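Trainee: Have a peek at structure32.cif (mmCIF, C-alpha atoms and all ligand atoms).
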```cif
data_data
loop_
_atom_site.label_atom_id
_atom_site.label_comp_id
_atom_site.auth_asym_id
_atom_site.auth_seq_id
_atom_site.Cartn_x
_atom_site.Cartn_y
_atom_site.Cartn_z
CA MET A 1151 0.00 0.00 0.00
CA THR A 1152 1.35 3.43 -0.85
CA ALA A 1153 0.93 6.34 1.51
CA THR A 1154 -0.72 9.54 0.30
CA CYS A 1155 -0.84 13.25 1.08
CA PRO A 1156 -3.71 13.81 3.56
CA ILE A 1157 -4.91 16.89 1.64
CA CYS A 1158 -4.76 16.10 -2.08
CA GLY A 1159 -4.32 12.31 -2.02
CA ALA A 1160 -1.17 12.42 -4.14
CA GLU A 1161 1.33 9.67 -3.50
CA GLN A 1162 3.68 10.61 -0.65
CA ALA A 1163 5.95 7.84 0.61
CA GLU A 1164 5.71 8.80 4.30
CA GLY A 1165 2.10 10.03 4.23
CA LEU A 1166 3.23 13.60 4.86
CA LEU A 1167 1.74 16.77 3.45
CA CYS A 1168 3.03 16.63 -0.13
CA HIS A 1169 5.43 19.11 -1.64
CA ALA A 1170 2.75 20.86 -3.73
CA CYS A 1171 0.33 21.26 -0.81
CA THR A 1172 3.16 22.54 1.41
CA THR A 1173 4.09 25.11 -1.23
CA THR A 1174 0.47 26.25 -1.51
CA LEU A 1175 0.22 26.66 2.25
CA GLU A 1176 3.53 28.54 2.36
CA ARG A 1177 2.33 30.90 -0.36
CA GLU A 1178 -0.86 31.58 1.60
CA LEU A 1179 1.08 32.21 4.80
CA GLY A 1180 3.46 34.44 2.88
CA ASP A 1181 0.52 36.66 1.86
CA VAL A 1182 -0.68 37.21 5.43
CA ALA A 1183 1.39 40.36 6.04
CA ALA A 1184 0.05 42.01 2.88
CA ILE A 1185 -3.53 41.05 3.71
CA VAL A 1186 -3.23 42.42 7.24
CA ALA A 1187 -1.89 45.69 5.78
CA GLU A 1188 -4.93 45.88 3.48
CA LEU A 1189 -7.26 45.23 6.40
CA ASP A 1190 -5.52 48.03 8.31
CA ILE A 1191 -6.28 50.43 5.48
CA SER A 1192 -9.96 49.44 5.52
CA LEU A 1193 -10.07 49.98 9.26
CA SER A 1194 -8.24 53.31 9.20
CA LYS A 1195 -10.82 54.52 6.70
CA GLN A 1196 -13.52 53.47 9.15
CA ALA A 1197 -11.73 55.38 11.91
CA ARG A 1198 -11.48 58.51 9.76
CA ILE A 1199 -15.15 58.42 8.93
CA GLY A 1200 -15.86 58.07 12.64
CA ASN A 1201 -13.60 60.99 13.57
CA ALA A 1202 -15.22 63.28 11.01
CA GLY A 1203 -18.51 63.38 12.87
CA SER A 1204 -19.60 63.61 16.50
CA PRO A 1205 -17.64 61.45 18.98
CA GLY A 1206 -20.50 58.99 19.38
CA LEU A 1207 -20.73 58.34 15.67
CA ALA A 1208 -17.80 55.92 15.41
CA ARG A 1209 -19.56 53.27 17.44
CA GLU A 1210 -22.67 53.48 15.28
CA ARG A 1211 -20.71 52.77 12.11
CA THR A 1212 -20.89 49.22 10.87
CA PRO A 1213 -17.70 47.17 10.96
CA ILE A 1214 -15.99 46.30 7.65
CA ASN A 1215 -18.49 43.60 6.86
CA VAL A 1216 -22.00 43.81 8.18
CA GLY A 1217 -22.98 40.68 10.08
CA THR A 1218 -19.54 39.09 10.10
CA VAL A 1219 -16.77 38.98 12.67
CA ASP A 1220 -13.73 41.17 12.05
CA PRO A 1221 -11.57 39.02 9.73
CA ARG A 1222 -8.45 40.24 11.54
CA TRP A 1223 -9.74 38.67 14.72
CA ILE A 1224 -10.30 35.37 12.89
CA LEU A 1225 -6.82 35.50 11.35
CA ASP A 1226 -5.15 36.29 14.68
CA ASN A 1227 -7.02 33.53 16.46
CA VAL A 1228 -6.80 30.74 13.92
CA LEU A 1229 -3.19 31.37 12.99
CA GLY A 1230 -2.22 32.12 16.58
CA THR A 1231 -3.76 28.88 17.86
CA TRP A 1232 -1.92 26.74 15.32
CA ALA A 1233 1.34 28.63 15.78
CA ARG A 1234 1.20 28.00 19.55
CA ASP A 1235 0.50 24.35 18.83
CA ILE A 1236 3.56 24.17 16.55
CA MET A 1237 5.75 26.00 19.06
CA GLY A 1238 4.79 23.37 21.65
CA GLU A 1239 6.55 20.70 19.58
CA PRO A 1240 10.01 19.79 20.92
CA ASP A 1241 11.69 20.48 17.54
CA ALA A 1242 10.02 23.83 16.94
CA ARG A 1243 12.27 26.54 15.60
CA TRP A 1244 12.00 30.21 16.29
CA SER A 1245 14.42 32.24 14.31
CA PRO A 1246 15.58 35.26 16.34
CA ALA A 1247 15.75 37.12 13.02
CA PHE A 1248 11.97 37.32 13.14
CA VAL A 1249 11.04 40.19 15.38
CA PRO A 1250 7.49 39.54 16.58
CA SER A 1251 5.07 41.72 14.63
CA ARG A 1252 2.48 43.91 16.34
CA SER A 1253 0.00 41.71 14.42
CA PRO A 1254 -0.41 38.26 16.03
CA ALA A 1255 -1.42 36.86 12.62
CA ILE A 1256 1.83 38.03 11.01
CA THR A 1257 3.95 36.66 13.87
CA ALA A 1258 2.04 33.37 13.67
CA SER A 1259 2.52 33.12 9.90
CA ARG A 1260 6.28 33.61 10.37
CA VAL A 1261 6.40 30.93 13.07
CA MET A 1262 4.65 28.51 10.73
CA LEU A 1263 6.79 29.41 7.74
CA SER A 1264 9.94 28.61 9.70
CA ASN A 1265 8.48 25.29 10.84
CA ALA A 1266 7.14 23.86 7.60
CA SER A 1267 8.69 20.45 8.31
CA LEU A 1268 6.74 20.17 11.57
CA ILE A 1269 3.52 21.15 9.79
CA ARG A 1270 4.11 18.48 7.15
CA ARG A 1271 4.05 15.70 9.74
CA HIS A 1272 1.58 17.28 12.16
CA PRO A 1273 -1.01 14.68 13.24
CA ALA A 1274 -3.83 17.18 12.62
CA VAL A 1275 -2.42 18.57 9.38
CA THR A 1276 -5.79 18.28 7.59
CA GLU A 1277 -7.52 20.53 10.12
CA LEU A 1278 -4.52 22.85 10.22
CA VAL A 1279 -4.52 23.38 6.44
CA ASP A 1280 -8.33 23.68 6.22
CA GLU A 1281 -8.65 26.20 9.04
CA ILE A 1282 -5.72 28.33 7.99
CA THR A 1283 -6.70 28.38 4.32
CA ASP A 1284 -10.25 29.28 5.28
CA ALA A 1285 -9.23 32.11 7.62
CA ILE A 1286 -6.94 33.62 4.99
CA ALA A 1287 -9.64 33.31 2.31
CA GLN A 1288 -12.13 35.15 4.53
CA ALA A 1289 -9.64 37.93 5.15
CA ARG A 1290 -8.95 38.20 1.43
CA ARG A 1291 -12.65 38.57 0.71
CA ALA A 1292 -12.94 41.32 3.31
CA VAL A 1293 -10.44 43.53 1.53
CA ASP A 1294 -10.86 44.58 -2.05
CA ARG A 1295 -8.16 42.59 -3.66
CA PRO A 1296 -6.08 44.77 -5.96
CA ALA A 1297 -5.55 41.72 -8.20
CA ASP A 1298 -9.11 41.85 -9.58
CA ARG A 1299 -9.01 45.62 -9.85
CA VAL A 1300 -7.86 48.30 -12.21
CA TYR A 1301 -5.02 50.43 -10.91
CA LEU A 1302 -5.77 54.16 -11.11
CA GLY A 1303 -2.70 55.73 -9.57
CA GLN A 1304 -2.32 57.51 -6.27
CA CYS A 1305 -5.04 59.69 -4.77
CA TYR A 1306 -3.06 62.97 -4.31
CA VAL A 1307 -5.99 64.74 -2.67
CA GLU A 1308 -5.11 67.27 0.04
CA THR A 1309 -6.72 66.10 3.23
CA PRO A 1310 -6.40 67.09 6.90
CA ASP A 1311 -4.61 64.53 9.10
CA PRO A 1312 -5.83 63.76 12.67
CA ASP A 1313 -4.03 66.92 13.93
CA GLY A 1314 -5.73 69.07 11.33
CA LYS A 1315 -2.57 69.52 9.22
CA GLN A 1316 -3.08 69.38 5.42
CA VAL A 1317 -1.36 66.32 3.96
CA THR A 1318 -1.39 64.81 0.48
CA CYS A 1319 -3.17 61.48 0.41
CA LEU A 1320 -0.81 58.96 -1.18
CA ALA A 1321 -3.18 55.98 -1.11
CA GLU A 1322 -3.19 53.79 -4.20
CA LEU A 1323 -6.52 53.71 -6.00
CA TYR A 1324 -8.05 50.58 -7.42
CA ALA A 1325 -11.46 50.27 -9.05
CA SER A 1326 -13.50 47.41 -10.37
CA PRO A 1327 -13.19 47.25 -14.18
CA THR A 1328 -16.76 48.50 -14.66
CA ALA A 1329 -16.81 51.30 -12.05
CA CYS A 1330 -17.47 54.92 -13.08
CA GLU A 1331 -16.29 56.35 -9.78
CA VAL A 1332 -13.66 55.23 -7.33
CA GLN A 1333 -13.55 56.23 -3.70
CA CYS A 1334 -10.20 56.50 -1.93
CA LYS A 1335 -10.12 54.01 0.93
CA VAL A 1336 -8.01 56.27 3.09
CA CYS A 1337 -9.35 59.83 2.69
CA GLY A 1338 -12.72 59.04 1.15
CA ALA A 1339 -12.30 61.34 -1.87
CA GLU A 1340 -14.32 60.39 -4.95
CA HIS A 1341 -12.55 60.22 -8.30
CA PRO A 1342 -14.28 59.82 -11.68
CA VAL A 1343 -12.63 56.79 -13.34
CA GLY A 1344 -12.60 58.35 -16.83
CA GLU A 1345 -10.71 61.41 -15.63
CA ARG A 1346 -8.23 59.30 -13.68
CA ARG A 1347 -7.52 57.21 -16.74
CA ALA A 1348 -7.00 60.22 -19.00
CA TRP A 1349 -4.71 61.78 -16.38
CA LEU A 1350 -2.63 58.62 -16.01
CA LEU A 1351 -2.30 58.23 -19.78
CA GLN A 1352 -1.24 61.84 -20.10
CA ARG A 1353 1.40 61.35 -17.42
CA ALA A 1354 2.60 58.21 -19.19
CA ALA A 1355 2.70 59.75 -22.68
CA ASP A 1356 6.51 60.00 -22.74
CA MET A 1357 7.10 56.43 -21.60
CA ILE A 1358 8.98 54.27 -24.09
CA VAL A 1359 7.64 50.73 -23.85
CA THR A 1360 7.56 47.50 -25.82
CA VAL A 1361 4.58 46.67 -28.05
CA LYS A 1362 3.38 44.13 -25.51
CA GLU A 1363 3.63 46.58 -22.63
CA ALA A 1364 1.89 49.29 -24.68
CA SER A 1365 -1.02 46.98 -25.40
CA SER A 1366 -1.49 45.96 -21.79
CA TYR A 1367 -0.90 49.47 -20.45
CA LEU A 1368 -3.54 51.07 -22.66
CA GLY A 1369 -5.91 48.24 -21.80
CA GLU A 1370 -5.40 48.22 -18.06
CA ILE A 1371 -4.89 51.91 -17.40
CA GLY A 1372 -6.76 53.53 -20.24
CA GLY A 1373 -9.49 50.97 -20.75
CA ILE A 1374 -8.55 51.12 -24.46
CA LYS A 1375 -8.27 47.80 -26.26
CA VAL A 1376 -5.49 47.77 -28.81
CA SER A 1377 -3.96 44.43 -29.71
CA GLN A 1378 -0.26 43.85 -30.23
CA SER A 1379 -0.96 42.94 -33.85
CA SER A 1380 -2.73 46.24 -34.52
CA ILE A 1381 0.24 48.08 -32.99
CA ARG A 1382 2.57 46.12 -35.28
CA GLY A 1383 0.25 47.02 -38.15
CA TYR A 1384 0.62 50.73 -37.33
CA LEU A 1385 4.41 50.30 -37.23
CA HIS A 1386 4.37 48.43 -40.52
CA ARG A 1387 2.29 51.10 -42.24
CA GLY A 1388 4.54 53.85 -40.89
CA ARG A 1389 1.86 55.43 -38.74
CA LEU A 1390 3.98 54.73 -35.71
CA ALA A 1391 7.78 54.64 -35.37
CA TYR A 1392 10.15 52.96 -32.97
CA ARG A 1393 11.80 55.31 -30.54
CA PRO A 1394 15.20 55.07 -28.92
CA GLY A 1395 15.49 54.06 -25.28
CA VAL A 1396 14.04 50.56 -25.36
CA GLU A 1397 14.77 47.92 -27.98
CA ASN A 1398 11.80 47.95 -30.37
CA GLY A 1399 10.19 50.47 -28.06
CA ILE A 1400 7.40 52.87 -28.93
CA ARG A 1401 6.26 56.05 -27.21
CA LEU A 1402 2.90 55.59 -25.50
CA GLY A 1403 1.79 59.10 -26.47
CA ASP A 1404 2.47 58.32 -30.16
CA LEU A 1405 0.36 55.19 -29.97
CA LEU A 1406 -2.41 57.04 -28.17
CA ASN A 1407 -2.52 59.65 -30.96
CA VAL A 1408 -2.79 56.95 -33.61
CA VAL A 1409 -5.53 55.15 -31.70
CA MET A 1410 -7.51 58.36 -31.17
CA ASP A 1411 -7.06 59.27 -34.83
CA GLU A 1412 -8.23 55.83 -35.86
CA SER A 1413 -11.37 55.92 -33.73
CA GLU A 1414 -12.24 59.39 -35.10
CA ARG A 1415 -11.88 58.09 -38.64
CA LYS A 1416 -14.09 55.11 -37.90
CA SER A 1417 -16.81 57.24 -36.36
CA ALA A 1418 -16.61 59.85 -39.17
ZN ZN A 1501 -0.95 17.24 -1.37
ZN ZN A 1502 -7.17 59.64 -0.71
#
```
For this file, write the structure as structure tokens.
Mentor:
Amino acid sequence: MTATCPICGAEQAEGLLCHACTTTLERELGDVAAIVAELDISLSKQARIGNAGSPGLARERTPINVGTVDPRWILDNVLGTWARDIMGEPDARWSPAFVPSRSPAITASRVMLSNASLIRRHPAVTELVDEITDAIAQARRAVDRPADRVYLGQCYVETPDPDGKQVTCLAELYASPTACEVQCKVCGAEHPVGERRAWLLQRAADMIVTVKEASSYLGEIGGIKVSQSSIRGYLHRGRLAYRPGVENGIRLGDLLNVVMDESERKSA
């Protein structure tokens, strides 16, 4: 009889958590710090909204997700519980290079990452993987994941800080691909998506990029679909020229002019 990985059932001679499942878990644990940072931003926005009104208002505001427990609490508890369990093992390692984080979840994820071999042969590895994966997934859902979003640059709105001093908001803005407006998660300013896109494109006009980069940049930032083959077509027909700086590079502003020109011709 061959032994298998308790999670995916793949053959694993000693019945340990297999290499692939361990890697997946490590990747999840490696994301914890970034997720906690995102959750912090969501919460600081909540705090700002609370501060803006009367002192009693903050408590009346709903938490990040109505009807659910704070995902940070879940992360801290689930990860913390398993990390303490792991640290109770005689062979547990704690690298002094890891300064404990102010976030229990981050500290716990570091403990687990430095003890992957103990996790692999943990008698309750199935529960460990299920609970940890679940807690991280919940936290991910609670923050708007930039990965499914369109990047719209930094906010740059002047906003008073808690001491009433004017500061420039440097929060990164992300919007869903279909949104018309995007609200800054930190200062609450509203930005029309169309204007943001035009502004970003204008700022990027002098960038020299490859054909592939130009296609994805105009698509992601500008919401303008222009395939690599159409760009090559423009180059071939002499409507666009390579520019020095990058091998086979083109200037984004040049491409934008051609694309605008083209769409005017089509609509004429
Ligand atoms: Zn596996
Ligand atoms: Zn802002």
Trainee: Once you count all atoms listed in the file, which residues end up within 12 Å of ligand ZN 1502 (chain A), and could you hand them over as a PyMOL selection string?
Mentor: chain A and resi 1191+1194-1195+1198+1302-1311+1317-1324+1332-1341
Trainee: I need the residues from that last selection saved to file as a tab-separated table (two decimals), keeping the file's coordinate frame (with C-alpha atoms), if you can.
Mentor:
```
chain	number	residue	atom	x	y	z
A	1191	ILE	CA	-6.28	50.43	5.48
A	1194	SER	CA	-8.24	53.31	9.20
A	1195	LYS	CA	-10.82	54.52	6.70
A	1198	ARG	CA	-11.48	58.51	9.76
A	1302	LEU	CA	-5.77	54.16	-11.11
A	1303	GLY	CA	-2.70	55.73	-9.57
A	1304	GLN	CA	-2.32	57.51	-6.27
A	1305	CYS	CA	-5.04	59.69	-4.77
A	1306	TYR	CA	-3.06	62.97	-4.31
A	1307	VAL	CA	-5.99	64.74	-2.67
A	1308	GLU	CA	-5.11	67.27	0.04
A	1309	THR	CA	-6.72	66.10	3.23
A	1310	PRO	CA	-6.40	67.09	6.90
A	1311	ASP	CA	-4.61	64.53	9.10
A	1317	VAL	CA	-1.36	66.32	3.96
A	1318	THR	CA	-1.39	64.81	0.48
A	1319	CYS	CA	-3.17	61.48	0.41
A	1320	LEU	CA	-0.81	58.96	-1.18
A	1321	ALA	CA	-3.18	55.98	-1.11
A	1322	GLU	CA	-3.19	53.79	-4.20
A	1323	LEU	CA	-6.52	53.71	-6.00
A	1324	TYR	CA	-8.05	50.58	-7.42
A	1332	VAL	CA	-13.66	55.23	-7.33
A	1333	GLN	CA	-13.55	56.23	-3.70
A	1334	CYS	CA	-10.20	56.50	-1.93
A	1335	LYS	CA	-10.12	54.01	0.93
A	1336	VAL	CA	-8.01	56.27	3.09
A	1337	CYS	CA	-9.35	59.83	2.69
A	1338	GLY	CA	-12.72	59.04	1.15
A	1339	ALA	CA	-12.30	61.34	-1.87
A	1340	GLU	CA	-14.32	60.39	-4.95
A	1341	HIS	CA	-12.55	60.22	-8.30
```
Trainee: Every residue with an atom at most 12 Å from (3.1, 52.1, -22.8) (file coordinates; only C-alpha atoms) is what I'm after, so could you write them as JSON, numbers by chain?
Mentor: {"A": [1350, 1351, 1352, 1353, 1354, 1355, 1356, 1357, 1358, 1359, 1360, 1361, 1362, 1363, 1364, 1365, 1366, 1367, 1368, 1369, 1370, 1371, 1372, 1374, 1376, 1378, 1381, 1396, 1399, 1400, 1401, 1402, 1403, 1404, 1405, 1406]}
Trainee: Write out as a PDB file with C-alpha atoms, keeping the file's coordinate frame each polymer residue (protein, DNA or RNA) that has an atom no more than 9 Å from ligand ZN 1501 (chain A), with only C-alpha atoms and all ligand atoms counted.
Mentor:
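Produced file selection.pdb, reproduced below:
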```pdb
ATOM      1  CA  THR A1154      -0.720   9.540   0.300  1.00  0.00           C
ATOM      2  CA  CYS A1155      -0.840  13.250   1.080  1.00  0.00           C
ATOM      3  CA  PRO A1156      -3.710  13.810   3.560  1.00  0.00           C
ATOM      4  CA  ILE A1157      -4.910  16.890   1.640  1.00  0.00           C
ATOM      5  CA  CYS A1158      -4.760  16.100  -2.080  1.00  0.00           C
ATOM      6  CA  GLY A1159      -4.320  12.310  -2.020  1.00  0.00           C
ATOM      7  CA  ALA A1160      -1.170  12.420  -4.140  1.00  0.00           C
ATOM      8  CA  GLU A1161       1.330   9.670  -3.500  1.00  0.00           C
ATOM      9  CA  GLN A1162       3.680  10.610  -0.650  1.00  0.00           C
ATOM     10  CA  LEU A1166       3.230  13.600   4.860  1.00  0.00           C
ATOM     11  CA  LEU A1167       1.740  16.770   3.450  1.00  0.00           C
ATOM     12  CA  CYS A1168       3.030  16.630  -0.130  1.00  0.00           C
ATOM     13  CA  HIS A1169       5.430  19.110  -1.640  1.00  0.00           C
ATOM     14  CA  ALA A1170       2.750  20.860  -3.730  1.00  0.00           C
ATOM     15  CA  CYS A1171       0.330  21.260  -0.810  1.00  0.00           C
ATOM     16  CA  THR A1172       3.160  22.540   1.410  1.00  0.00           C
TER      17      THR A1172
END
```
Trainee: I need the residue nearest Tyr1384 in chain A from this list: A:Ser1326, A:Ser1264, A:Asn1407, A:Ser1253. Use all atoms listed in the file for the distance.
Mentor: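 Checking each candidate against Tyr1384 in chain A, we get A:Asn1407 as the closest.
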Trainee: How many Å separate CA of Val1409 in chain A from CA of Val1343 in chain A?
Mentor: 19.8 Å
Trainee: Find the residue from A:Asn1265, A:Arg1382, A:Arg1252, A:Leu1225 that sits nearest to Met1237 in chain A; use only C-alpha atoms when measuring.
Mentor: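 Once distances to Met1237 in chain A are computed over only C-alpha atoms, the minimum belongs to A:Asn1265.
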Trainee: Could you tell me how far CA of Ala1187 in chain A lies from CA of Ala1348 in chain A, in Å and to one decimal?
Mentor: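 Distance between the two atoms: 29.2 Å.
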Trainee: Go through A:Glu1164, A:Pro1221, A:Gly1314, A:Thr1231 and flag the residue nearest Arg1271 in chain A, using only C-alpha atoms for the distances.
Mentor: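 Checking each of A:Glu1164, A:Pro1221, A:Gly1314, A:Thr1231 against Arg1271 in chain A, counting only C-alpha atoms, the winner is A:Glu1164.
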Trainee: To one decimal place in Å, what is the distance between CA of Ile1185 in chain A and CA of Ala1258 in chain A?
Mentor: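 One can read the CA of Ile1185 in chain A to CA of Ala1258 in chain A distance as 13.8 Å.
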Trainee: Just checking: using only C-alpha atoms, which residue out of A:Asp1313, A:Arg1393, A:Leu1229, A:Ile1236 ends up closest to Asp1284 in chain A?
Mentor: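 Closest to Asp1284 in chain A of all the choices is A:Leu1229.
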Trainee: What's the 9 Å shell around Thr1283 in chain A, counting all atoms listed in the file, without same-chain residues fewer than 3 positions away, as a compact mmCIF listing (two decimals) with C-alpha atoms, in the frame of the given file?
Mentor:
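Dumped everything to selection-v4.txt:
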```
# COMPACT_ATOMS: atom_id res chain seq x y z
CA LEU A 1175 0.22 26.66 2.25
CA GLU A 1178 -0.86 31.58 1.60
CA LEU A 1179 1.08 32.21 4.80
CA LEU A 1278 -4.52 22.85 10.22
CA VAL A 1279 -4.52 23.38 6.44
CA ASP A 1280 -8.33 23.68 6.22
CA ILE A 1286 -6.94 33.62 4.99
CA ALA A 1287 -9.64 33.31 2.31
CA GLN A 1288 -12.13 35.15 4.53
```
Trainee: My list of candidates is A:Arg1234, A:Val1186, A:Glu1281, A:Pro1327. Which is closest to Tyr1301 in chain A when distances are computed with only C-alpha atoms?
Mentor: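 Ranking A:Arg1234, A:Val1186, A:Glu1281, A:Pro1327 by distance to Tyr1301 in chain A, first place goes to A:Pro1327.
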Trainee: Do a neighbour search on Gly1344 in chain A at 9 Å with all atoms listed in the file, toss out local chain neighbours closer than 2 positions, and write the hits as a list in words.
Mentor: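 Surrounding residues, per the criterion: Cys1330, Glu1331, His1341, Pro1342, Arg1346, Arg1347, Ala1348, Trp1349, Gly1372 and Gly1373 of chain A.
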Trainee: Just C-alpha atoms for this one: save the residues we selected as a compact mmCIF listing (two decimals), in the frame of the given file.
Mentor:
```txt
# COMPACT_ATOMS: atom_id res chain seq x y z
CA CYS A 1330 -17.47 54.92 -13.08
CA GLU A 1331 -16.29 56.35 -9.78
CA HIS A 1341 -12.55 60.22 -8.30
CA PRO A 1342 -14.28 59.82 -11.68
CA ARG A 1346 -8.23 59.30 -13.68
CA ARG A 1347 -7.52 57.21 -16.74
CA ALA A 1348 -7.00 60.22 -19.00
CA TRP A 1349 -4.71 61.78 -16.38
CA GLY A 1372 -6.76 53.53 -20.24
CA GLY A 1373 -9.49 50.97 -20.75
```
Trainee: Measuring between all atoms listed in the file, which one of A:Asp1226, A:Glu1345, A:Glu1414, A:Glu1239 shows the shortest distance to Ile1269 in chain A?
Mentor: A:Glu1239
